[in-house]
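**Q** Just passing along the structure, written as structure tokens.
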Amino acid sequence: MGRIGVDLYPLQSGVSLADVTAFGKFLGGSPSNVAVAAARLGRRVAVVTRTGEDPFGTYLRRALREFGVDDRFVRTVAGLPTPLTFCEVFPPDDFPLYFYRQPTAPDLQIHASELDRDAIAAARIFWMTGTGLCEEPSRSATLAALASRSAGTTVFDLDWRPMFWSDPAAARPHYAAALAHATVAVGNLDEVEIATGEREPRAAARALLAAGVELAVVKRGPAGVLAMNRAGQSAEVPPLPVEVCNGLGAGDAFGGALCHGLLAGWDLERIMRYANAAGAIVASRLECSSAMPFPGEVASAVDAGVVS
């Protein structure tokens, strides 16, 4: 549940947007990318979101279906344009994003009264993000969706986007309210610091567990990933070596693979290695949604210990 939009990526690497002359158009938005990633791995997935009543919205709904993601919970919002996101590509680690979501985004106009709470409650995994908490009515709808969950796995992707908030202090109470309903929390160092006030990975993971989740996943970029659960188990996994083309979709590929591993009942280390490999594969490619790997690609990368 959450953000969707059109990603416009320059087809020239290392060039300022002021000088780019050609772009590729892709489905984007973190939770929608996670949905695509899970579908690529063979999972049955739907996304709850909103688009504008425009050709970009038509494109996104069609793209979801082509990727095998159920779009029955995707509606249009009159009077608001479908969001666009431009990025600059300066490998290995500089990928500025420019969001066009004015005056607000359709995906922030989800109302609690519109939710299919039975479907949300029945899902084996429900995935939501911090962006969905940034303004009303999306905030209340997201919390209502979380409150409808009494079984299964509920993942809170901390997804900190500072441009959507007035300041970090404004976000923390809403993050705390969502954490009280979640069973899994996933975030990078900046995101866990927003949620908990802790930046050191183990301290942040312990703080997330104390906030109510059963599994805390802290992504540490080039230092790999740390996972800790309430049972006292932990796993620290290094990243796979990769020549980065565009790092923006790596976290979403990681998320889809995390869902796949949780549904499969794998142990922590196996899940983290698999999710790391999925993320590394996408980091080696320009696009995000259409770059999400298939099971054989991830398995090969795990076995080889490197993305070729």
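Each chain of the structure tokens is named A, B, ... in the order shown, its residues numbered from 1; ligands are numbered from 1 in display order.
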For the interface of range 212-284 of chain A with range 3-20 of chain A (cut-off 12 Å, counting only C-alpha atoms), please tabulate each contacting residue of range 212-284 of chain A alongside its nearest pair of atoms and their separation in Å to one decimal, rows sorted by chain and increasing number, as a tab-separated table.

**A**
```
residue	atom	partner	partner_atom	distance
A:Val244	CA	A:Ser13	CA	11.2
A:Cys245	CA	A:Ser13	CA	8.2
A:Asn246	CA	A:Ser13	CA	9.1
A:Leu248	CA	A:Tyr9	CA	10.6
A:Gly249	CA	A:Asp7	CA	10.8
```

**Q** May I have the residues within 7 Å of range 224-233 of chain A as a PyMOL selection string, using only C-alpha atoms and disregarding those fewer than 5 positions away in the same chain?

**A** chain A and resi 205+209+214-219+238-239

**Q** Okay, now the selection with N, CA and C atoms, as an mmCIF file, in the first residue's frame?

**A**
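Writing the result to out_0.cif gives the following:
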```cif
data_model
loop_
_atom_site.group_PDB
_atom_site.id
_atom_site.type_symbol
_atom_site.label_atom_id
_atom_site.label_comp_id
_atom_site.auth_asym_id
_atom_site.auth_seq_id
_atom_site.Cartn_x
_atom_site.Cartn_y
_atom_site.Cartn_z
ATOM 1 N N ALA A 205 18.391 -1.561 15.815
ATOM 2 C CA ALA A 205 17.612 -2.800 15.714
ATOM 3 C C ALA A 205 16.949 -3.135 17.043
ATOM 4 N N LEU A 209 12.884 -3.395 17.867
ATOM 5 C CA LEU A 209 12.275 -4.536 18.565
ATOM 6 C C LEU A 209 11.517 -4.066 19.802
ATOM 7 N N GLU A 214 8.737 -7.809 15.555
ATOM 8 C CA GLU A 214 9.363 -9.096 15.843
ATOM 9 C C GLU A 214 10.680 -9.281 15.088
ATOM 10 N N LEU A 215 10.847 -8.535 13.994
ATOM 11 C CA LEU A 215 12.057 -8.619 13.188
ATOM 12 C C LEU A 215 12.456 -7.218 12.747
ATOM 13 N N ALA A 216 13.709 -6.855 12.994
ATOM 14 C CA ALA A 216 14.255 -5.564 12.573
ATOM 15 C C ALA A 216 15.344 -5.809 11.540
ATOM 16 N N VAL A 217 15.247 -5.129 10.410
ATOM 17 C CA VAL A 217 16.220 -5.260 9.325
ATOM 18 C C VAL A 217 16.830 -3.886 9.081
ATOM 19 N N VAL A 218 18.136 -3.771 9.293
ATOM 20 C CA VAL A 218 18.842 -2.501 9.130
ATOM 21 C C VAL A 218 19.791 -2.629 7.941
ATOM 22 N N LYS A 219 19.500 -1.876 6.886
ATOM 23 C CA LYS A 219 20.328 -1.905 5.684
ATOM 24 C C LYS A 219 21.464 -0.896 5.842
ATOM 25 N N PRO A 238 27.288 -9.525 4.370
ATOM 26 C CA PRO A 238 27.947 -8.506 3.550
ATOM 27 C C PRO A 238 27.235 -8.356 2.218
ATOM 28 N N PRO A 239 27.446 -7.230 1.536
ATOM 29 C CA PRO A 239 26.835 -7.060 0.217
ATOM 30 C C PRO A 239 27.538 -7.902 -0.833
#
```

**Q** Could you tell me how far CA of Thr85 in chain A sits from CA of Phe156 in chain A, in Å to one decimal place?

**A**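 Going from CA of Phe156 in chain A over to CA of Thr85 in chain A, I get 22.6 Å.
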
**Q** Using only C-alpha atoms, which of the listed residues (A:Ala204, A:Ala301, A:Leu27, A:Ile110) sits closest to Ile281 in chain A?

**A**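 Closest residue, counting only C-alpha atoms: A:Ala301.
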
**Q** List the spatial neighbours of Leu179 in chain A as JSON, numbers by chain - criterion: any atom at most 7 Å away, only C-alpha atoms, same-chain residues fewer than 4 positions off excluded.

**A** {"A": [175, 211, 212, 213]}

**Q** I need the residue nearest Phe294 in chain A from this list: A:Leu41, A:Ile120, A:Ala35, A:Met272. Use only C-alpha atoms for the distance.

**A**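 Smallest distance to Phe294 in chain A is found for A:Leu41.
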
**Q** Near Ser113 in chain A, counting only C-alpha atoms, which residues have an atom at most 12 Å away, once you skip same-chain residues fewer than 5 positions from it, shown as a list of chain:residue names?

**A**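 Returned residues: A:Pro137, A:Ser138, A:Ser140, A:Ala141, A:Thr142, A:Ala144, A:Ala145.
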
**Q** Using DSSP on the backbone coordinates, identify all residues within range 125-242 of chain A classified as strand (DSSP E or B); present the result as an MDAnalysis selection string.

**A** chainID A and resid 125:129 153:157 184:188 215:219 225:229 234:237

**Q** Between A:Glu135, A:Val48, A:Pro81, A:Glu53, which one has atoms that come closest to Ser166 in chain A, using only C-alpha atoms?

**A** A:Glu135

**Q** I need the residue nearest Arg117 in chain A from this list: A:Arg43, A:Glu88, A:Cys134, A:Ser150. Use only C-alpha atoms for the distance.

**A**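 Closest to Arg117 in chain A of all the choices is A:Ser150.
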
**Q** Mind pulling up the distance from CA of Thr131 in chain A to CA of Ala223 in chain A?

**A**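 One can read the CA of Ala223 in chain A to CA of Thr131 in chain A distance as 25.4 Å.
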
**Q** Identify which of the residues A:Asp167, A:Glu136, A:Leu146, A:Ala151 lies closest to Ala180 in chain A, counting only C-alpha atoms when measuring atom-to-atom distances.

**A**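 Ranking A:Asp167, A:Glu136, A:Leu146, A:Ala151 by distance to Ala180 in chain A, first place goes to A:Leu146.
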
**Q** Between CA of Ala253 in chain A and CA of Leu268 in chain A, measure the distance and give it in Å to one decimal.

**A**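 It comes out at 17.0 Å.
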
**Q** Which residues of range 139-254 of chain A sit at most 12 Å from range 123-130 of chain A, using only C-alpha atoms? Give each one's shortest atom pair and distance in Å (one decimal place), in chain and ascending residue order, as CSV.

**A**
```
residue,atom,partner,partner_atom,distance
A:Arg139,CA,A:Gly130,CA,9.2
A:Ala141,CA,A:Met128,CA,10.9
A:Thr142,CA,A:Met128,CA,7.4
A:Leu143,CA,A:Met128,CA,9.7
A:Ala144,CA,A:Met128,CA,11.6
A:Ala145,CA,A:Phe126,CA,9.0
A:Leu146,CA,A:Phe126,CA,8.4
A:Ala147,CA,A:Phe126,CA,11.5
A:Ser148,CA,A:Phe126,CA,10.5
A:Arg149,CA,A:Phe126,CA,8.4
A:Ser150,CA,A:Ala123,CA,10.5
A:Ala151,CA,A:Arg124,CA,7.8
A:Gly152,CA,A:Arg124,CA,4.9
A:Thr153,CA,A:Ile125,CA,4.7
A:Thr154,CA,A:Phe126,CA,4.8
A:Val155,CA,A:Trp127,CA,4.8
A:Phe156,CA,A:Met128,CA,5.3
A:Asp157,CA,A:Thr129,CA,4.6
A:Leu158,CA,A:Gly130,CA,4.9
A:Asp159,CA,A:Gly130,CA,5.0
A:Trp160,CA,A:Gly130,CA,6.1
A:Arg161,CA,A:Gly130,CA,8.1
A:Pro162,CA,A:Gly130,CA,10.6
A:Phe164,CA,A:Gly130,CA,9.9
A:Trp165,CA,A:Gly130,CA,10.4
A:Pro168,CA,A:Gly130,CA,11.8
A:Ala171,CA,A:Gly130,CA,8.5
A:Arg172,CA,A:Gly130,CA,10.0
A:Pro173,CA,A:Gly130,CA,11.5
A:His174,CA,A:Gly130,CA,8.6
A:Tyr175,CA,A:Gly130,CA,7.0
A:Ala176,CA,A:Gly130,CA,10.6
A:Ala177,CA,A:Gly130,CA,11.0
A:Ala178,CA,A:Gly130,CA,8.6
A:Leu179,CA,A:Gly130,CA,10.3
A:His181,CA,A:Phe126,CA,11.1
A:Ala182,CA,A:Phe126,CA,9.2
A:Thr183,CA,A:Ile125,CA,10.0
A:Val184,CA,A:Trp127,CA,9.4
A:Ala185,CA,A:Thr129,CA,9.8
A:Val186,CA,A:Thr129,CA,9.5
A:Gly187,CA,A:Gly130,CA,10.0
A:Glu191,CA,A:Gly130,CA,9.2
A:Val192,CA,A:Gly130,CA,11.2
A:Ile194,CA,A:Gly130,CA,10.3
A:Ala195,CA,A:Gly130,CA,9.5
A:Asp252,CA,A:Thr129,CA,11.5
```

**Q** What lies within 9 Å of His260 in chain A using only C-alpha atoms, ignoring chain neighbours under 2 positions off, as a list of chain:residue names?

**A** A:Ala38, A:Leu41, A:Gly42, A:Arg43, A:Gly255, A:Gly256, A:Ala257, A:Leu258, A:Leu262, A:Leu263, A:Ala264, A:Gly265, A:Ile271, A:Ala275

**Q** Using the chain letters and numbers from this document, which residues of range 68-267 of chain A does DSSP assign to alpha helix (DSSP H), as a PyMOL selection string?

**A** chain A and resi 117-122+138-147+168-179+189-196+201-210+250-264
